[in-house]
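Shown next: data.cif, given as mmCIF, C-alpha atoms.
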```
data_structure
loop_
_atom_site.label_atom_id
_atom_site.label_comp_id
_atom_site.auth_asym_id
_atom_site.auth_seq_id
_atom_site.Cartn_x
_atom_site.Cartn_y
_atom_site.Cartn_z
CA MET A 78 0.00 0.00 0.00
CA SER A 79 3.00 2.28 0.39
CA THR A 80 4.30 1.96 -3.18
CA ASP A 81 3.43 4.41 -5.93
CA ALA A 82 1.54 1.73 -7.84
CA ALA A 83 -0.68 1.11 -4.82
CA THR A 84 -1.38 4.79 -4.12
CA PRO A 85 -4.69 4.88 -6.05
CA LEU A 86 -5.90 1.83 -4.11
CA ARG A 87 -4.89 3.47 -0.85
CA HIS A 88 -6.75 6.65 -1.77
CA ARG A 89 -9.83 4.66 -2.71
CA MET A 90 -9.75 2.79 0.59
CA ILE A 91 -9.40 6.04 2.53
CA GLU A 92 -12.37 7.47 0.63
CA ASP A 93 -14.40 4.37 1.53
CA MET A 94 -13.48 4.76 5.20
CA ASN A 95 -14.24 8.49 5.18
CA ALA A 96 -17.65 7.80 3.64
CA ARG A 97 -18.37 5.51 6.60
CA LYS A 98 -17.05 8.10 9.07
CA PHE A 99 -14.29 5.89 10.46
CA SER A 100 -12.14 7.66 13.04
CA ALA A 101 -8.58 8.68 12.20
CA GLY A 102 -7.21 5.99 14.51
CA THR A 103 -9.29 3.26 12.85
CA GLN A 104 -8.17 4.39 9.42
CA ARG A 105 -4.50 4.33 10.40
CA GLY A 106 -4.91 0.83 11.82
CA HIS A 107 -6.61 -0.47 8.66
CA ILE A 108 -3.93 1.06 6.43
CA ARG A 109 -1.16 -0.51 8.55
CA SER A 110 -2.87 -3.89 8.27
CA CYS A 111 -3.04 -3.66 4.48
CA LYS A 112 0.59 -2.55 4.24
CA ARG A 113 1.60 -5.58 6.29
CA PHE A 114 -0.34 -7.90 3.98
CA ALA A 115 1.17 -6.19 0.91
CA ALA A 116 4.70 -6.71 2.30
CA PHE A 117 3.90 -10.39 2.88
CA LEU A 118 2.38 -10.78 -0.59
CA ASN A 119 5.16 -8.88 -2.38
CA ARG A 120 2.94 -8.20 -5.37
CA SER A 121 -0.18 -6.24 -6.25
CA LEU A 122 -3.06 -6.64 -3.83
CA HIS A 123 -5.36 -6.95 -6.85
CA ALA A 124 -3.65 -10.29 -7.57
CA ALA A 125 -4.27 -11.73 -4.08
CA THR A 126 -5.85 -15.18 -3.90
CA THR A 127 -7.76 -17.04 -1.22
CA GLU A 128 -4.65 -19.14 -0.63
CA ASP A 129 -2.66 -15.94 0.01
CA THR A 130 -5.18 -14.90 2.64
CA ARG A 131 -4.96 -18.31 4.28
CA ARG A 132 -1.15 -18.30 4.27
CA PHE A 133 -1.03 -14.79 5.72
CA GLN A 134 -3.19 -15.80 8.67
CA LEU A 135 -0.96 -18.81 9.28
CA HIS A 136 2.07 -16.50 9.04
CA LEU A 137 0.65 -14.23 11.76
CA ALA A 138 0.05 -17.23 14.03
CA GLU A 139 3.57 -18.61 13.48
CA ALA A 140 5.08 -15.16 14.08
CA GLY A 141 3.52 -15.11 17.55
CA VAL A 142 1.24 -12.14 16.91
CA SER A 143 -1.26 -11.84 19.76
CA ILE A 144 -4.89 -12.79 19.21
CA CYS A 145 -5.99 -9.19 19.70
CA ASN A 146 -3.56 -7.89 17.07
CA ARG A 147 -4.36 -10.70 14.65
CA ASN A 148 -8.07 -9.90 14.85
CA SER A 149 -7.34 -6.20 14.38
CA ILE A 150 -5.16 -6.85 11.31
CA MET A 151 -7.74 -9.12 9.71
CA THR A 152 -10.53 -6.59 10.37
CA GLY A 153 -8.63 -4.05 8.27
CA LEU A 154 -8.03 -6.60 5.54
CA ARG A 155 -11.65 -7.68 5.46
CA PHE A 156 -12.69 -4.06 4.90
CA LEU A 157 -10.23 -3.81 1.99
CA PHE A 158 -11.49 -7.07 0.45
CA ARG A 159 -15.21 -6.57 1.00
CA VAL A 160 -15.64 -2.83 0.41
CA THR A 161 -12.73 -1.41 -1.62
CA LEU A 162 -11.73 -4.39 -3.79
CA ARG A 163 -15.20 -5.99 -3.83
CA ARG A 164 -13.54 -9.39 -3.46
CA LEU A 165 -16.04 -11.34 -1.38
CA ASP A 166 -14.12 -14.55 -2.03
CA LEU A 167 -11.17 -13.09 -0.10
CA ALA A 168 -13.35 -11.57 2.60
CA ASN A 169 -14.95 -14.95 3.25
CA GLU A 170 -11.52 -16.43 4.02
CA VAL A 171 -10.97 -14.00 6.91
CA TYR A 172 -11.65 -15.47 10.33
CA HIS A 173 -11.43 -14.05 13.83
CA ILE A 174 -10.32 -15.90 16.94
CA PRO A 175 -12.33 -15.57 20.17
CA GLU A 176 -10.28 -13.65 22.70
CA PRO A 177 -10.02 -14.98 26.25
CA GLN A 178 -12.07 -12.87 28.63
CA LYS A 179 -9.94 -11.03 31.14
CA ILE A 180 -11.23 -9.74 34.46
CA PRO A 181 -10.14 -6.07 34.55
CA LEU A 182 -8.19 -4.74 37.50
CA VAL A 183 -10.13 -2.22 39.54
CA MET A 184 -9.03 0.19 42.23
CA SER A 185 -10.57 0.25 45.67
CA PRO A 186 -12.08 3.50 47.01
CA ASP A 187 -9.12 3.81 49.38
CA GLU A 188 -6.61 3.47 46.54
CA THR A 189 -8.52 6.00 44.44
CA ARG A 190 -8.66 8.40 47.38
CA ARG A 191 -4.90 8.17 47.80
CA LEU A 192 -4.35 8.57 44.05
CA LEU A 193 -6.31 11.81 43.89
CA ALA A 194 -4.73 13.12 47.10
CA VAL A 195 -1.18 12.90 45.68
CA ALA A 196 -2.03 14.38 42.26
CA ARG A 197 0.70 16.91 41.69
CA ASN A 198 -1.54 19.77 40.61
CA LEU A 199 -5.13 20.76 39.94
CA LYS A 200 -5.01 19.77 36.27
CA VAL A 201 -3.90 16.21 37.05
CA ARG A 202 -6.47 15.83 39.80
CA THR A 203 -9.22 17.06 37.48
CA LEU A 204 -8.15 14.69 34.69
CA LEU A 205 -8.11 11.68 37.01
CA SER A 206 -11.35 12.69 38.71
CA LEU A 207 -13.13 12.78 35.34
CA GLY A 208 -11.91 9.27 34.56
CA TYR A 209 -13.11 7.89 37.89
CA GLY A 210 -16.14 10.04 38.65
CA CYS A 211 -17.60 9.97 35.12
CA GLY A 212 -16.22 6.73 33.67
CA LEU A 213 -14.56 8.55 30.76
CA ARG A 214 -11.89 7.11 28.49
CA ALA A 215 -8.54 8.90 28.19
CA SER A 216 -9.40 10.19 24.70
CA GLU A 217 -12.77 11.44 25.97
CA VAL A 218 -11.17 13.32 28.86
CA VAL A 219 -8.58 15.15 26.74
CA GLY A 220 -11.23 15.79 24.05
CA LEU A 221 -13.64 17.67 26.31
CA LYS A 222 -14.83 21.09 25.19
CA VAL A 223 -16.69 23.71 27.19
CA LYS A 224 -19.89 23.06 25.23
CA TYR A 225 -19.98 19.44 26.44
CA ILE A 226 -20.37 20.51 30.08
CA ASP A 227 -24.05 20.95 30.94
CA SER A 228 -24.06 22.25 34.51
CA ALA A 229 -27.81 22.95 34.42
CA GLN A 230 -28.73 19.29 33.79
CA LYS A 231 -25.67 17.99 35.67
CA ILE A 232 -24.41 15.91 32.76
CA ILE A 233 -21.40 15.80 30.46
CA ARG A 234 -22.07 15.15 26.79
CA VAL A 235 -19.53 12.79 25.25
CA GLU A 236 -19.45 12.94 21.46
CA GLN A 237 -16.36 10.78 20.84
CA SER A 238 -16.38 7.00 20.68
CA LYS A 239 -19.83 5.72 21.66
CA GLY A 240 -21.64 9.03 22.12
CA ARG A 241 -23.48 9.24 25.43
CA ASN A 242 -24.22 11.36 28.48
CA VAL A 243 -22.56 10.84 31.87
CA MET A 244 -23.31 12.28 35.28
CA LEU A 245 -21.65 15.51 36.41
CA SER A 246 -21.29 15.60 40.17
CA LEU A 247 -20.98 18.82 42.12
CA GLU A 248 -17.42 17.92 43.13
CA THR A 249 -16.41 17.35 39.52
CA LEU A 250 -18.07 20.60 38.46
CA ASP A 251 -16.21 22.45 41.21
CA LEU A 252 -12.88 21.01 40.01
CA LEU A 253 -13.65 22.01 36.42
CA ARG A 254 -14.48 25.56 37.50
CA GLN A 255 -11.29 25.82 39.53
CA TRP A 256 -9.25 24.54 36.59
CA TRP A 257 -10.95 26.90 34.14
CA LYS A 258 -9.83 29.90 36.22
CA ILE A 259 -6.14 28.98 35.93
CA ARG A 260 -6.22 27.23 32.56
CA PRO A 261 -3.80 28.69 29.95
CA TRP A 262 -5.99 30.76 27.65
CA ARG A 263 -3.59 32.22 25.08
CA CYS A 264 -3.61 29.03 22.98
CA ASP A 265 -7.24 29.49 21.89
CA ALA A 266 -8.09 33.02 22.95
CA GLY A 267 -9.67 33.75 19.56
CA ALA A 268 -12.06 30.80 19.64
CA PRO A 269 -15.63 31.05 20.95
CA VAL A 270 -15.78 30.02 24.60
CA ALA A 271 -18.05 27.04 23.85
CA GLU A 272 -15.50 25.65 21.36
CA ARG A 273 -12.48 25.89 23.64
CA TRP A 274 -10.77 22.72 24.83
CA LEU A 275 -10.59 22.14 28.56
CA PHE A 276 -7.18 20.46 28.52
CA SER A 277 -5.64 20.10 25.04
CA ARG A 278 -3.48 23.01 23.95
CA GLN A 279 -3.21 21.48 20.46
CA PRO A 280 -6.65 20.16 19.47
CA ALA A 281 -5.23 18.40 16.40
CA ARG A 282 -3.35 16.04 18.72
CA GLN A 283 -6.28 15.17 20.94
CA ALA A 284 -6.67 11.64 19.53
CA ASP A 285 -2.98 10.89 20.22
CA ASP A 286 -2.84 12.52 23.64
CA HIS A 287 -3.06 9.30 25.64
CA PRO A 288 0.65 8.82 26.52
CA PRO A 289 0.99 12.11 28.50
CA VAL A 290 -2.22 11.42 30.44
CA GLU A 291 -1.18 7.81 31.05
CA ARG A 292 2.19 9.01 32.29
CA LEU A 293 0.53 11.42 34.74
CA PHE A 294 -1.60 8.55 36.04
CA HIS A 295 1.41 6.29 36.64
CA GLN A 296 3.28 9.10 38.42
CA ALA A 297 0.33 9.58 40.76
CA ALA A 298 -0.08 5.81 41.26
CA ASP A 299 3.60 5.45 42.20
CA ALA A 300 3.34 8.38 44.61
CA ALA A 301 0.24 6.81 46.18
CA GLY A 302 2.04 3.51 46.70
CA ILE A 303 -0.34 1.51 44.48
CA LYS A 304 1.36 -1.78 43.62
CA LYS A 305 -1.28 -3.17 41.25
CA ALA A 306 -0.44 -3.22 37.54
CA VAL A 307 -3.22 -0.73 36.86
CA THR A 308 -3.50 1.70 33.98
CA LEU A 309 -5.54 4.85 33.51
CA HIS A 310 -8.35 2.70 32.12
CA ALA A 311 -8.63 1.05 35.54
CA LEU A 312 -10.34 4.23 36.75
CA ARG A 313 -13.04 3.63 34.17
CA HIS A 314 -13.40 -0.01 35.26
CA SER A 315 -13.62 1.16 38.87
CA PHE A 316 -16.32 3.66 37.94
CA ALA A 317 -19.21 1.18 38.38
CA THR A 318 -17.87 -0.53 41.48
CA PRO A 319 -18.76 1.99 44.23
CA PRO A 320 -22.33 2.61 42.95
CA ALA A 321 -22.87 -1.15 42.87
CA ARG A 322 -21.55 -1.38 46.42
CA ALA A 323 -23.84 1.45 47.48
CA GLY A 324 -26.91 -0.32 46.14
CA HIS A 325 -27.20 1.06 42.59
CA ARG A 326 -27.60 -1.35 39.73
CA HIS A 327 -25.49 -0.60 36.67
CA ARG A 328 -28.33 -1.68 34.40
CA SER A 329 -30.43 1.22 35.76
CA TYR A 330 -28.38 3.73 33.77
CA PRO A 331 -27.51 2.14 30.42
CA GLY A 332 -25.01 4.10 28.38
CA ALA A 333 -23.41 5.80 31.37
CA ALA A 334 -20.20 3.82 30.90
CA GLY A 335 -20.44 3.64 27.12
CA SER A 336 -21.42 0.00 26.81
CA GLN A 337 -24.76 0.98 25.29
CA GLN A 338 -25.71 4.05 23.35
CA ILE A 339 -28.51 6.19 24.66
CA GLY A 340 -31.53 6.26 22.38
CA TYR A 341 -32.77 9.36 20.64
CA ASP A 342 -36.47 9.00 21.23
CA GLY A 343 -37.59 12.31 22.75
CA ALA A 344 -39.32 11.12 25.91
CA LEU A 345 -36.82 8.36 26.58
CA HIS A 346 -33.92 10.73 25.98
CA ALA A 347 -35.30 13.30 28.45
CA ARG A 348 -36.03 10.64 31.07
CA ARG A 349 -32.51 9.26 30.84
CA HIS A 350 -31.08 12.77 31.21
CA GLY A 351 -32.79 13.03 34.54
CA MET A 352 -31.91 9.46 35.48
CA ILE A 353 -28.19 9.97 34.80
CA ALA A 354 -28.06 13.35 36.53
CA GLY A 355 -29.70 11.84 39.61
CA ILE A 356 -27.13 9.06 40.05
CA GLU A 357 -24.54 9.62 42.72
CA SER A 358 -21.04 9.75 41.26
CA PRO A 359 -18.45 7.41 42.81
CA LEU A 360 -16.28 10.50 43.27
CA ASP A 361 -18.84 11.84 45.75
CA LEU A 362 -18.89 8.52 47.58
CA LEU A 363 -15.17 8.84 48.36
CA SER A 364 -15.81 11.69 50.78
CA GLN A 365 -18.55 9.84 52.64
CA PRO A 366 -17.64 7.89 55.78
CA HIS A 367 -17.43 4.16 55.25
CA LYS A 368 -20.39 2.35 56.79
CA LYS A 369 -19.91 -1.16 58.07
CA PRO A 370 -22.58 -3.58 56.89
CA LYS A 371 -25.10 -4.53 59.53
CA LYS A 372 -24.82 -8.03 60.87
CA SER A 373 -27.80 -10.14 60.05
CA ARG A 374 -29.55 -11.76 62.96
CA ASN A 375 -29.87 -15.47 62.80
CA HIS A 376 -33.34 -16.48 63.93
CA SER A 377 -33.67 -20.06 65.01
CA PRO A 378 -36.58 -21.85 63.38
CA PRO A 379 -39.63 -22.31 65.57
CA ALA A 380 -39.75 -25.60 67.46
#
```
Representation of the structure as structure tokens:
Amino acid sequence: MSTDAATPLRHRMIEDMNARKFSAGTQRGHIRSCKRFAAFLNRSLHAATTEDTRRFQLHLAEAGVSICNRNSIMTGLRFLFRVTLRRLDLANEVYHIPEPQKIPLVMSPDETRRLLAVARNLKVRTLLSLGYGCGLRASEVVGLKVKYIDSAQKIIRVEQSKGRNVMLSLETLDLLRQWWKIRPWRCDAGAPVAERWLFSRQPARQADDHPPVERLFHQAADAAGIKKAVTLHALRHSFATPPARAGHRHRSYPGAAGSQQIGYDGALHARRHGMIAGIESPLDLLSQPHKKPKKSRNHSPPA
């Protein structure tokens, strides 16, 4: 895909992906997958056969490529075969391997409390609080704009990834307001206030801004003495744990964590706004005193 002869095919594939509104990251991944297949094939992709597809998948297995990466590579190739080349015979040869389910590491309320307490400055504490208190992904945190913060309805609108609304607690809102007062403003002083980024100084890099945020998380985790092999995404996994412990059922607010998209029916949409805003954020639960569960009384059966 990187040779001059393949440039028209690459452009056509990019056009097909743009027409389907694939994200920039997805497009880069699909292009990398096709370039890898082209290097293995060592000839025009138009001349690929079903046997080539089979051999390539065997090659990935023998090379020790992880199941996750193999599935990702073959997803990009299947798009090329099915959509751009219109080669259904090749697309039908693509198979995916079931990935073993992993139980994600979560952080306890005490660990999260220590993590936020040692955050080196207000910006870091606000970033981490959004991940834990709202269940946001790293890309969603760094991609927040002023217009996404709805303080009146106590929700944050997330338009990246799986678009949804999440709760906005008073503590999170207070942190955002404190950060906004000291936030560097010269980088986007000419932009309308609603379009200004809360954290990213260079909006064009927002999709690739994970490493700095991840690094800030690990610095805080080390300072807090957290020994688990957790990542920033662990805050998102921990997001549903305290509400569940406090008696909330995660199914009562579908879409809050991004596993389901919120519908667009008017009445349902309005009802879920109120439902999400009314849920207590796990960030608020950190400041509440821990209550020991009541011991159940064992009643002996009547004689």
Tell me which residues the PyMOL selection byres ((chain A and resi 175) around 12) grabs here, as a list in words.
-> Ser143, Ile144, Cys145, Arg147, Asn148, Tyr172, His173, Ile174, Glu176, Pro177 and Gln178 of chain A
Please identify all polymer residues within 12 Å of Met94 of chain A, counting all atoms listed in the file, omitting same-chain residues fewer than 5 positions from it, and present them as a VMD selection string.
-> chain A and resid 87 to 89 99 to 108 153 156 to 157 160 to 161
Any idea what's packed within 7 Å of segment 183-200 of chain A, counting only C-alpha atoms, ignoring anything in its chain fewer than 2 positions away? Could you give it as a count of residues only?
-> 15
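Going from atom CA of Lys224 of chain A over to atom CA of Val270 of chain A, you cover 8.1 Å.
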Given the file shown, enumerate the residues that the PyMOL selection byres ((chain A and resi 115) around 12) captures and present them as a PyMOL selection string.
-> chain A and resi 78-80+82-83+86-87+108-114+116-125+129-130+133+154+157
Could you state the separation of atom CA of Tyr225 of chain A and atom CA of Thr308 of chain A in Å, given to one decimal place?
-> 25.4 Å
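Applied to the shown file, the PyMOL selection byres ((chain A and resi 213) around 10) selects the residues Leu204, Leu205, Ser206, Leu207, Gly208, Tyr209, Gly210, Cys211, Gly212, Arg214, Ala215, Ser216, Glu217, Val218, Val219, Ile233, Val235, Val243, His310, Leu312, Arg313, His314, Phe316, Ala333, Ala334 and Gly335 of chain A.
Considering all atoms listed in the file, the residue among A:Leu165, A:Val201, A:Val142, A:Leu245 positioned nearest to Gln296 of chain A is A:Val201.
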